[in-house]
>>> print(open('final_13.txt').read())   # compact mmCIF, C-alpha atoms
# COMPACT_ATOMS: atom_id res chain seq x y z
CA MET A 1 37.95 -74.20 -35.87
CA LEU A 2 34.31 -73.08 -35.64
CA LEU A 3 35.19 -70.52 -32.98
CA ILE A 4 37.94 -69.10 -35.17
CA ILE A 5 35.55 -68.73 -38.14
CA LEU A 6 32.90 -67.08 -35.98
CA TYR A 7 35.54 -64.84 -34.47
CA GLY A 8 36.65 -63.70 -37.89
CA CYS A 9 33.05 -63.02 -39.02
CA PHE A 10 32.10 -61.04 -35.95
CA CYS A 11 35.33 -59.12 -35.89
CA SER A 12 34.87 -58.05 -39.50
CA ASP A 13 31.27 -57.07 -38.74
CA ALA A 14 32.30 -55.09 -35.72
CA TRP A 15 35.06 -53.25 -37.54
CA GLY A 16 32.71 -52.53 -40.41
CA GLN A 17 30.14 -51.31 -37.94
CA THR A 18 32.70 -49.08 -36.24
CA ASP A 19 33.70 -47.58 -39.58
CA SER A 20 30.07 -46.82 -40.49
CA ILE A 21 29.51 -45.23 -37.10
CA THR A 22 32.60 -43.09 -37.47
CA LYS A 23 31.41 -41.79 -40.83
CA THR A 24 27.96 -40.96 -39.45
CA THR A 25 27.05 -37.28 -39.25
CA ASP A 26 27.10 -36.00 -35.69
CA TYR A 27 23.56 -35.00 -34.68
CA ARG A 28 24.19 -35.03 -30.93
CA ASN A 29 23.83 -31.25 -30.68
CA GLY A 30 21.02 -30.96 -33.26
CA ILE A 31 20.55 -27.96 -35.54
CA LYS A 32 19.27 -24.48 -34.82
CA ILE A 33 15.60 -24.29 -35.76
CA PRO A 34 14.26 -20.76 -36.46
CA SER A 35 11.62 -19.40 -34.10
CA LEU A 36 8.01 -20.33 -34.68
CA TYR A 37 7.09 -16.72 -35.55
CA VAL A 38 9.77 -16.57 -38.26
CA LEU A 39 8.57 -19.85 -39.73
CA ILE A 40 4.91 -18.76 -39.71
CA ASP A 41 5.62 -15.40 -41.39
CA SER A 42 7.76 -17.04 -44.04
CA ALA A 43 5.18 -19.77 -44.68
CA ILE A 44 2.39 -17.20 -45.12
CA ASN A 45 4.48 -15.20 -47.60
CA HIS A 46 5.51 -18.38 -49.44
CA ASN A 47 2.08 -20.00 -49.63
CA ALA A 48 0.60 -19.81 -53.14
CA MET A 49 -3.01 -20.01 -51.95
CA VAL A 50 -2.50 -17.04 -49.62
CA ARG A 51 -1.17 -15.02 -52.57
CA TYR A 52 -4.17 -16.08 -54.62
CA ARG A 53 -6.53 -14.89 -51.89
CA LYS A 54 -4.76 -11.51 -51.80
CA GLN A 55 -5.10 -11.23 -55.58
CA THR A 56 -8.81 -12.03 -55.28
CA ILE A 57 -9.20 -9.13 -52.83
CA GLY A 58 -7.57 -6.82 -55.39
CA VAL A 59 -9.99 -8.01 -58.07
CA LYS A 60 -13.00 -7.42 -55.81
CA GLU A 61 -11.78 -3.94 -54.91
CA ALA A 62 -11.42 -3.09 -58.60
CA ASP A 63 -14.91 -4.45 -59.30
CA LEU A 64 -16.36 -2.34 -56.50
CA LYS A 65 -14.72 0.83 -57.83
CA SER A 66 -16.09 0.05 -61.29
CA GLU A 67 -19.54 -0.46 -59.84
CA LYS A 68 -19.41 2.88 -58.03
CA LEU A 69 -18.49 4.62 -61.31
CA ASP A 70 -21.02 2.72 -63.37
CA TRP A 71 -23.47 5.67 -63.35
CA THR A 72 -21.12 7.65 -65.59
CA ARG A 73 -21.99 5.45 -68.58
CA ASN A 74 -25.37 7.21 -68.69
CA PHE A 75 -23.70 10.59 -69.11
CA GLY A 76 -21.45 11.66 -71.96
CA ILE A 77 -20.65 13.74 -74.96
CA GLN A 78 -21.69 12.75 -78.46
CA ALA A 79 -20.23 14.22 -81.64
CA ASP A 80 -20.55 13.40 -85.31
CA GLY A 81 -19.28 14.81 -88.57
CA ARG A 82 -20.05 14.23 -92.23
CA TYR A 83 -18.32 15.42 -95.35
CA GLY A 84 -19.63 14.99 -98.89
CA ASN A 85 -22.20 16.06 -101.47
CA PHE A 86 -25.53 17.20 -100.11
CA ASN A 87 -28.55 17.54 -102.42
CA ASN A 88 -31.11 20.21 -101.54
CA ASN A 89 -34.60 20.24 -103.13
CA SER A 90 -37.10 23.05 -102.76
CA ILE A 91 -40.47 24.01 -104.31
CA SER A 92 -41.21 27.59 -105.27
CA VAL A 93 -44.84 28.66 -105.66
CA ASP A 94 -45.49 31.95 -107.44
CA GLU A 95 -48.96 33.06 -108.62
CA GLY A 96 -50.22 29.57 -108.97
CA ASN A 97 -47.09 28.29 -110.65
CA SER A 98 -44.78 25.99 -108.84
CA SER A 99 -41.27 25.11 -109.73
CA LEU A 100 -38.84 22.59 -108.33
CA LEU A 101 -35.39 23.87 -107.48
CA ALA A 102 -32.52 21.45 -106.92
CA SER A 103 -28.97 22.19 -105.82
CA SER A 104 -25.94 20.17 -104.86
CA THR A 105 -23.16 21.33 -102.56
CA THR A 106 -20.01 19.79 -101.13
CA GLN A 107 -19.58 20.64 -97.48
CA PHE A 108 -18.62 19.39 -94.01
CA ASN A 109 -21.38 19.07 -91.41
CA TYR A 110 -20.72 18.36 -87.75
CA GLY A 111 -22.56 18.35 -84.47
CA VAL A 112 -21.62 18.13 -80.77
CA GLY A 113 -23.95 17.55 -77.86
CA LEU A 114 -24.26 16.28 -74.30
CA TYR A 115 -26.53 13.42 -73.27
CA LEU A 116 -27.79 12.16 -69.94
CA LYS A 117 -29.92 9.05 -69.59
CA PHE A 118 -31.93 7.93 -66.58
CA PRO A 119 -32.51 4.16 -66.84
CA VAL A 120 -35.02 3.32 -64.14
CA PHE A 121 -33.62 -0.18 -63.47
CA ASP A 122 -30.05 1.06 -63.16
CA GLY A 123 -31.09 3.72 -60.68
CA ILE A 124 -32.96 1.23 -58.50
CA ASN A 125 -30.42 -1.60 -58.77
CA ARG A 126 -27.22 0.42 -58.39
CA ARG A 127 -27.35 0.52 -54.59
CA ASN A 128 -27.82 -3.28 -54.46
CA GLN A 129 -24.89 -3.81 -56.82
CA VAL A 130 -22.59 -1.63 -54.72
CA LYS A 131 -23.70 -3.44 -51.56
CA LYS A 132 -23.08 -6.77 -53.23
CA GLY A 133 -19.59 -5.65 -54.26
CA LYS A 134 -18.74 -4.68 -50.68
CA ILE A 135 -19.96 -8.03 -49.35
CA GLU A 136 -17.94 -9.94 -51.95
CA MET A 137 -14.82 -7.98 -50.99
CA GLU A 138 -15.37 -8.77 -47.30
CA GLN A 139 -15.83 -12.44 -48.21
CA ALA A 140 -12.51 -12.39 -50.07
CA LYS A 141 -10.79 -10.86 -47.03
CA SER A 142 -12.32 -13.49 -44.75
CA LEU A 143 -11.12 -16.29 -47.02
CA ALA A 144 -7.64 -14.77 -47.04
CA GLU A 145 -7.55 -14.73 -43.23
CA ALA A 146 -8.89 -18.29 -43.09
CA GLN A 147 -6.11 -19.38 -45.44
CA LYS A 148 -3.52 -17.70 -43.21
CA ASP A 149 -4.97 -19.49 -40.17
CA GLU A 150 -4.70 -22.79 -42.00
CA VAL A 151 -1.05 -22.12 -42.83
CA ARG A 152 -0.34 -21.17 -39.21
CA GLN A 153 -1.84 -24.44 -37.98
CA LEU A 154 0.22 -26.44 -40.49
CA VAL A 155 3.44 -24.72 -39.43
CA ILE A 156 2.71 -25.16 -35.71
CA LYS A 157 2.04 -28.89 -36.17
CA GLN A 158 5.14 -29.34 -38.31
CA TYR A 159 7.23 -27.31 -35.86
CA GLN A 160 6.22 -29.61 -33.01
CA GLU A 161 6.91 -32.62 -35.22
CA LEU A 162 10.33 -31.30 -36.20
CA THR A 163 11.41 -30.47 -32.64
CA LEU A 164 10.23 -33.89 -31.43
CA LYS A 165 12.10 -35.71 -34.20
CA GLN A 166 15.23 -33.71 -33.42
CA LYS A 167 15.06 -34.60 -29.71
CA LEU A 168 14.65 -38.29 -30.57
CA LEU A 169 17.53 -38.06 -33.03
CA ILE A 170 19.78 -36.46 -30.39
CA ILE A 171 18.94 -39.25 -27.94
CA ASN A 172 19.60 -41.96 -30.52
CA SER A 173 22.80 -40.23 -31.64
CA GLN A 174 24.08 -40.18 -28.06
CA ASN A 175 23.11 -43.82 -27.62
CA LEU A 176 24.98 -44.69 -30.79
CA GLY A 177 28.08 -42.86 -29.59
CA ASN A 178 27.98 -44.74 -26.30
CA ALA A 179 27.42 -48.01 -28.14
CA LYS A 180 30.47 -47.35 -30.29
CA VAL A 181 32.69 -46.81 -27.27
CA ASN A 182 31.20 -49.85 -25.56
CA MET A 183 31.73 -52.01 -28.64
CA GLU A 184 35.39 -51.06 -28.78
CA MET A 185 35.77 -52.25 -25.21
CA VAL A 186 33.88 -55.45 -25.99
CA GLU A 187 36.24 -56.06 -28.91
CA LYS A 188 39.26 -55.86 -26.63
CA GLU A 189 37.68 -58.08 -23.96
CA PHE A 190 36.65 -60.66 -26.55
CA ARG A 191 40.15 -60.81 -27.98
CA SER A 192 41.54 -61.18 -24.47
CA GLY A 193 39.11 -63.98 -23.70
CA VAL A 194 37.38 -62.07 -20.93
CA ILE A 195 33.90 -62.54 -22.42
CA SER A 196 32.48 -65.51 -24.30
CA ILE A 197 31.48 -65.50 -27.92
CA TYR A 198 27.83 -65.73 -26.94
CA GLU A 199 28.12 -62.54 -24.88
CA TYR A 200 29.96 -60.93 -27.77
CA VAL A 201 27.15 -61.88 -30.18
CA ARG A 202 24.51 -60.50 -27.78
CA LEU A 203 26.30 -57.17 -27.37
CA SER A 204 26.96 -56.93 -31.09
CA ASP A 205 23.28 -57.50 -31.80
CA MET A 206 22.34 -54.75 -29.31
CA THR A 207 24.72 -52.36 -31.04
CA SER A 208 23.17 -53.19 -34.42
CA ARG A 209 19.70 -52.44 -33.06
CA ILE A 210 20.92 -49.12 -31.65
CA GLU A 211 22.39 -48.21 -35.02
CA SER A 212 19.12 -49.18 -36.72
CA ASP A 213 17.15 -47.00 -34.29
CA TYR A 214 19.51 -44.14 -35.02
CA GLU A 215 19.05 -44.48 -38.80
CA ASN A 216 15.26 -44.53 -38.39
CA ALA A 217 15.38 -41.45 -36.15
CA LYS A 218 17.64 -39.66 -38.63
CA SER A 219 15.29 -40.51 -41.51
CA ASP A 220 12.27 -39.25 -39.57
CA PHE A 221 14.09 -36.03 -38.65
CA LEU A 222 15.25 -35.32 -42.21
CA LEU A 223 11.72 -35.92 -43.50
CA ALA A 224 10.23 -33.54 -40.92
CA LYS A 225 12.91 -30.97 -41.75
CA LYS A 226 12.22 -31.22 -45.49
CA LEU A 227 8.48 -30.85 -44.97
CA MET A 228 9.06 -27.73 -42.88
CA GLU A 229 11.38 -26.26 -45.50
CA ASN A 230 8.73 -26.92 -48.15
CA LEU A 231 6.21 -25.01 -46.05
CA VAL A 232 8.39 -21.98 -45.28
CA GLY A 233 10.24 -21.76 -48.60
CA PHE A 234 13.84 -21.70 -47.35
CA SER A 235 16.53 -24.10 -46.15
CA ILE A 236 16.72 -24.33 -42.37
CA THR A 237 20.36 -25.47 -42.57
CA LYS A 238 21.32 -22.42 -44.65
CA TYR A 239 19.30 -20.17 -42.32
CA GLN A 240 21.33 -21.20 -39.28
CA SER A 241 24.59 -20.57 -41.15
CA ASN A 242 23.62 -16.98 -42.06
>>> encode(input="final_13.txt", output="structure tokens")
Amino acid sequence: MLLIILYGCFCSDAWGQTDSITKTTDYRNGIKIPSLYVLIDSAINHNAMVRYRKQTIGVKEADLKSEKLDWTRNFGIQADGRYGNFNNNSISVDEGNSSLLASSTTQFNYGVGLYLKFPVFDGINRRNQVKKGKIEMEQAKSLAEAQKDEVRQLVIKQYQELTLKQKLLIINSQNLGNAKVNMEMVEKEFRSGVISIYEYVRLSDMTSRIESDYENAKSDFLLAKKLMENLVGFSITKYQSN
């Protein structure tokens, strides 16, 4: 009676295991991973910090242009105009007598002129300011290149990680396929009484471990794939279907 109960348990487990294996996605051939150069270019274009560094370069270039044109603030045109009542007072002296003459007129007065100033400090410091602007722009460009190098290193490491995880997944997927076929044969032999229940349990346990290894390999691969897609900004699965 005990053997019948155990037989029923293991048979149900095996059939359940076979069903789960059948429904498993086939990763034996892997997926097409884009070339490393494509991934690096896409990651650089997608990286927010790289874009920020490029924007910083634009700001520094604008600052340098402003600094080169700064001298023009000491040169300009000045104009003013006034309209209203203007009071004019004058003193007339005639043969010892003086008289005060006052008049009021309504008129529009205006004036236009050019001015040019020569601040000593600005003249001396201008060359230093322009030099400083050029250095700051070069620093911004260097930081942008350093950021690109950092992205390249991240993509290269993740590319190696992804290809490794895919190879391991392919191996485990093939092992799982072989284990499925083997387990079907074991099922038939067990029913025919060719192998003992202890041998059946041992082989069933091996198949379970193979399936567990496959699930772990699949999880590691999907994680590596998702991290790569987050770096490059597009779906690798959709890329291979285009």
>>> residues_around(input="final_13.txt", residues="A:Lys141", least_positions_apart="4", cutoff="8 Å", atoms="only C-alpha atoms", output="PyMOL selection string")
chain A and resi 53-54+57+137+145
>>> closest_residue(input="final_13.txt", among="A:Lys32, A:Lys218, A:Arg209, A:Lys188", to="A:Ile170", atoms="all atoms listed in the file")
A:Lys218
>>> atom_distance(input="final_13.txt", atom1="atom CA of A:Glu211", atom2="atom CA of A:Ala224")
19.9 Å
>>> closest_residue(input="final_13.txt", among="A:Met228, A:Pro34, A:Glu136, A:Ile44", to="A:Glu61", atoms="only C-alpha atoms")
A:Glu136
>>> residues_around(input="final_13.txt", residues="A:Tyr37", least_positions_apart="5", cutoff="10 Å", atoms="only C-alpha atoms", output="list of chain:residue names")
A:Ser42, A:Ala43, A:Arg152, A:Val155, A:Ile156
>>> atom_distance(input="final_13.txt", atom1="atom CA of A:His46", atom2="atom CA of A:Val232")
6.2 Å
>>> build_atoms(input="final_13.txt", residues="stretch 35-69 of chain A", atoms="N, CA and C atoms", output="mmCIF file, in the coordinates of the input")
data_model
loop_
_atom_site.group_PDB
_atom_site.id
_atom_site.type_symbol
_atom_site.label_atom_id
_atom_site.label_comp_id
_atom_site.auth_asym_id
_atom_site.auth_seq_id
_atom_site.Cartn_x
_atom_site.Cartn_y
_atom_site.Cartn_z
ATOM 1 N N SER A 35 12.767 -19.544 -34.996
ATOM 2 C CA SER A 35 11.620 -19.400 -34.100
ATOM 3 C C SER A 35 10.320 -19.659 -34.849
ATOM 4 N N LEU A 36 9.308 -20.007 -34.088
ATOM 5 C CA LEU A 36 8.010 -20.330 -34.680
ATOM 6 C C LEU A 36 7.437 -19.130 -35.430
ATOM 7 N N TYR A 37 7.642 -17.927 -34.919
ATOM 8 C CA TYR A 37 7.090 -16.720 -35.550
ATOM 9 C C TYR A 37 7.755 -16.481 -36.913
ATOM 10 N N VAL A 38 9.066 -16.714 -36.981
ATOM 11 C CA VAL A 38 9.770 -16.570 -38.260
ATOM 12 C C VAL A 38 9.254 -17.575 -39.273
ATOM 13 N N LEU A 39 9.053 -18.797 -38.829
ATOM 14 C CA LEU A 39 8.570 -19.850 -39.730
ATOM 15 C C LEU A 39 7.152 -19.556 -40.222
ATOM 16 N N ILE A 40 6.296 -19.060 -39.323
ATOM 17 C CA ILE A 40 4.910 -18.760 -39.710
ATOM 18 C C ILE A 40 4.874 -17.626 -40.727
ATOM 19 N N ASP A 41 5.604 -16.540 -40.454
ATOM 20 C CA ASP A 41 5.620 -15.400 -41.390
ATOM 21 C C ASP A 41 6.141 -15.816 -42.756
ATOM 22 N N SER A 42 7.202 -16.602 -42.767
ATOM 23 C CA SER A 42 7.760 -17.040 -44.040
ATOM 24 C C SER A 42 6.804 -17.962 -44.782
ATOM 25 N N ALA A 43 6.121 -18.847 -44.051
ATOM 26 C CA ALA A 43 5.180 -19.770 -44.680
ATOM 27 C C ALA A 43 4.003 -19.020 -45.301
ATOM 28 N N ILE A 44 3.504 -17.993 -44.601
ATOM 29 C CA ILE A 44 2.390 -17.200 -45.120
ATOM 30 C C ILE A 44 2.801 -16.482 -46.404
ATOM 31 N N ASN A 45 3.999 -15.909 -46.399
ATOM 32 C CA ASN A 45 4.480 -15.200 -47.600
ATOM 33 C C ASN A 45 4.771 -16.161 -48.747
ATOM 34 N N HIS A 46 5.129 -17.404 -48.410
ATOM 35 C CA HIS A 46 5.510 -18.380 -49.440
ATOM 36 C C HIS A 46 4.304 -19.127 -50.004
ATOM 37 N N ASN A 47 3.225 -19.185 -49.240
ATOM 38 C CA ASN A 47 2.080 -20.000 -49.630
ATOM 39 C C ASN A 47 1.368 -19.436 -50.857
ATOM 40 N N ALA A 48 1.210 -20.260 -51.884
ATOM 41 C CA ALA A 48 0.600 -19.810 -53.140
ATOM 42 C C ALA A 48 -0.885 -19.496 -52.973
ATOM 43 N N MET A 49 -1.580 -20.249 -52.143
ATOM 44 C CA MET A 49 -3.010 -20.010 -51.950
ATOM 45 C C MET A 49 -3.255 -18.686 -51.231
ATOM 46 N N VAL A 50 -2.375 -18.335 -50.297
ATOM 47 C CA VAL A 50 -2.500 -17.040 -49.620
ATOM 48 C C VAL A 50 -2.332 -15.909 -50.629
ATOM 49 N N ARG A 51 -1.358 -16.044 -51.529
ATOM 50 C CA ARG A 51 -1.170 -15.020 -52.570
ATOM 51 C C ARG A 51 -2.384 -14.943 -53.483
ATOM 52 N N TYR A 52 -2.969 -16.078 -53.777
ATOM 53 C CA TYR A 52 -4.170 -16.080 -54.620
ATOM 54 C C TYR A 52 -5.320 -15.353 -53.926
ATOM 55 N N ARG A 53 -5.466 -15.572 -52.633
ATOM 56 C CA ARG A 53 -6.530 -14.890 -51.890
ATOM 57 C C ARG A 53 -6.314 -13.377 -51.889
ATOM 58 N N LYS A 54 -5.058 -12.942 -51.762
ATOM 59 C CA LYS A 54 -4.760 -11.510 -51.800
ATOM 60 C C LYS A 54 -5.098 -10.937 -53.182
ATOM 61 N N GLN A 55 -4.783 -11.674 -54.221
ATOM 62 C CA GLN A 55 -5.100 -11.230 -55.580
ATOM 63 C C GLN A 55 -6.614 -11.134 -55.783
ATOM 64 N N THR A 56 -7.349 -12.064 -55.181
ATOM 65 C CA THR A 56 -8.810 -12.030 -55.280
ATOM 66 C C THR A 56 -9.363 -10.767 -54.622
ATOM 67 N N ILE A 57 -8.778 -10.369 -53.487
ATOM 68 C CA ILE A 57 -9.200 -9.130 -52.830
ATOM 69 C C ILE A 57 -8.988 -7.946 -53.762
ATOM 70 N N GLY A 58 -7.843 -7.907 -54.438
ATOM 71 C CA GLY A 58 -7.570 -6.820 -55.390
ATOM 72 C C GLY A 58 -8.588 -6.781 -56.516
ATOM 73 N N VAL A 59 -8.981 -7.948 -57.005
ATOM 74 C CA VAL A 59 -9.990 -8.010 -58.070
ATOM 75 C C VAL A 59 -11.332 -7.481 -57.567
ATOM 76 N N LYS A 60 -11.721 -7.871 -56.370
ATOM 77 C CA LYS A 60 -13.000 -7.420 -55.810
ATOM 78 C C LYS A 60 -12.989 -5.917 -55.556
ATOM 79 N N GLU A 61 -11.864 -5.386 -55.120
ATOM 80 C CA GLU A 61 -11.780 -3.940 -54.910
ATOM 81 C C GLU A 61 -11.913 -3.193 -56.234
ATOM 82 N N ALA A 62 -11.297 -3.720 -57.282
ATOM 83 C CA ALA A 62 -11.420 -3.090 -58.600
ATOM 84 C C ALA A 62 -12.855 -3.166 -59.113
ATOM 85 N N ASP A 63 -13.508 -4.307 -58.879
ATOM 86 C CA ASP A 63 -14.910 -4.450 -59.300
ATOM 87 C C ASP A 63 -15.807 -3.457 -58.564
ATOM 88 N N LEU A 64 -15.543 -3.270 -57.272
ATOM 89 C CA LEU A 64 -16.360 -2.340 -56.500
ATOM 90 C C LEU A 64 -16.181 -0.908 -56.984
ATOM 91 N N LYS A 65 -14.958 -0.517 -57.300
ATOM 92 C CA LYS A 65 -14.720 0.830 -57.830
ATOM 93 C C LYS A 65 -15.434 1.012 -59.164
ATOM 94 N N SER A 66 -15.396 -0.021 -59.998
ATOM 95 C CA SER A 66 -16.090 0.050 -61.290
ATOM 96 C C SER A 66 -17.596 0.188 -61.100
ATOM 97 N N GLU A 67 -18.103 -0.521 -60.093
ATOM 98 C CA GLU A 67 -19.540 -0.460 -59.840
ATOM 99 C C GLU A 67 -19.957 0.924 -59.345
ATOM 100 N N LYS A 68 -19.092 1.549 -58.524
ATOM 101 C CA LYS A 68 -19.410 2.880 -58.030
ATOM 102 C C LYS A 68 -19.379 3.931 -59.150
ATOM 103 N N LEU A 69 -18.583 3.682 -60.182
ATOM 104 C CA LEU A 69 -18.490 4.620 -61.310
ATOM 105 C C LEU A 69 -19.391 4.237 -62.465
#
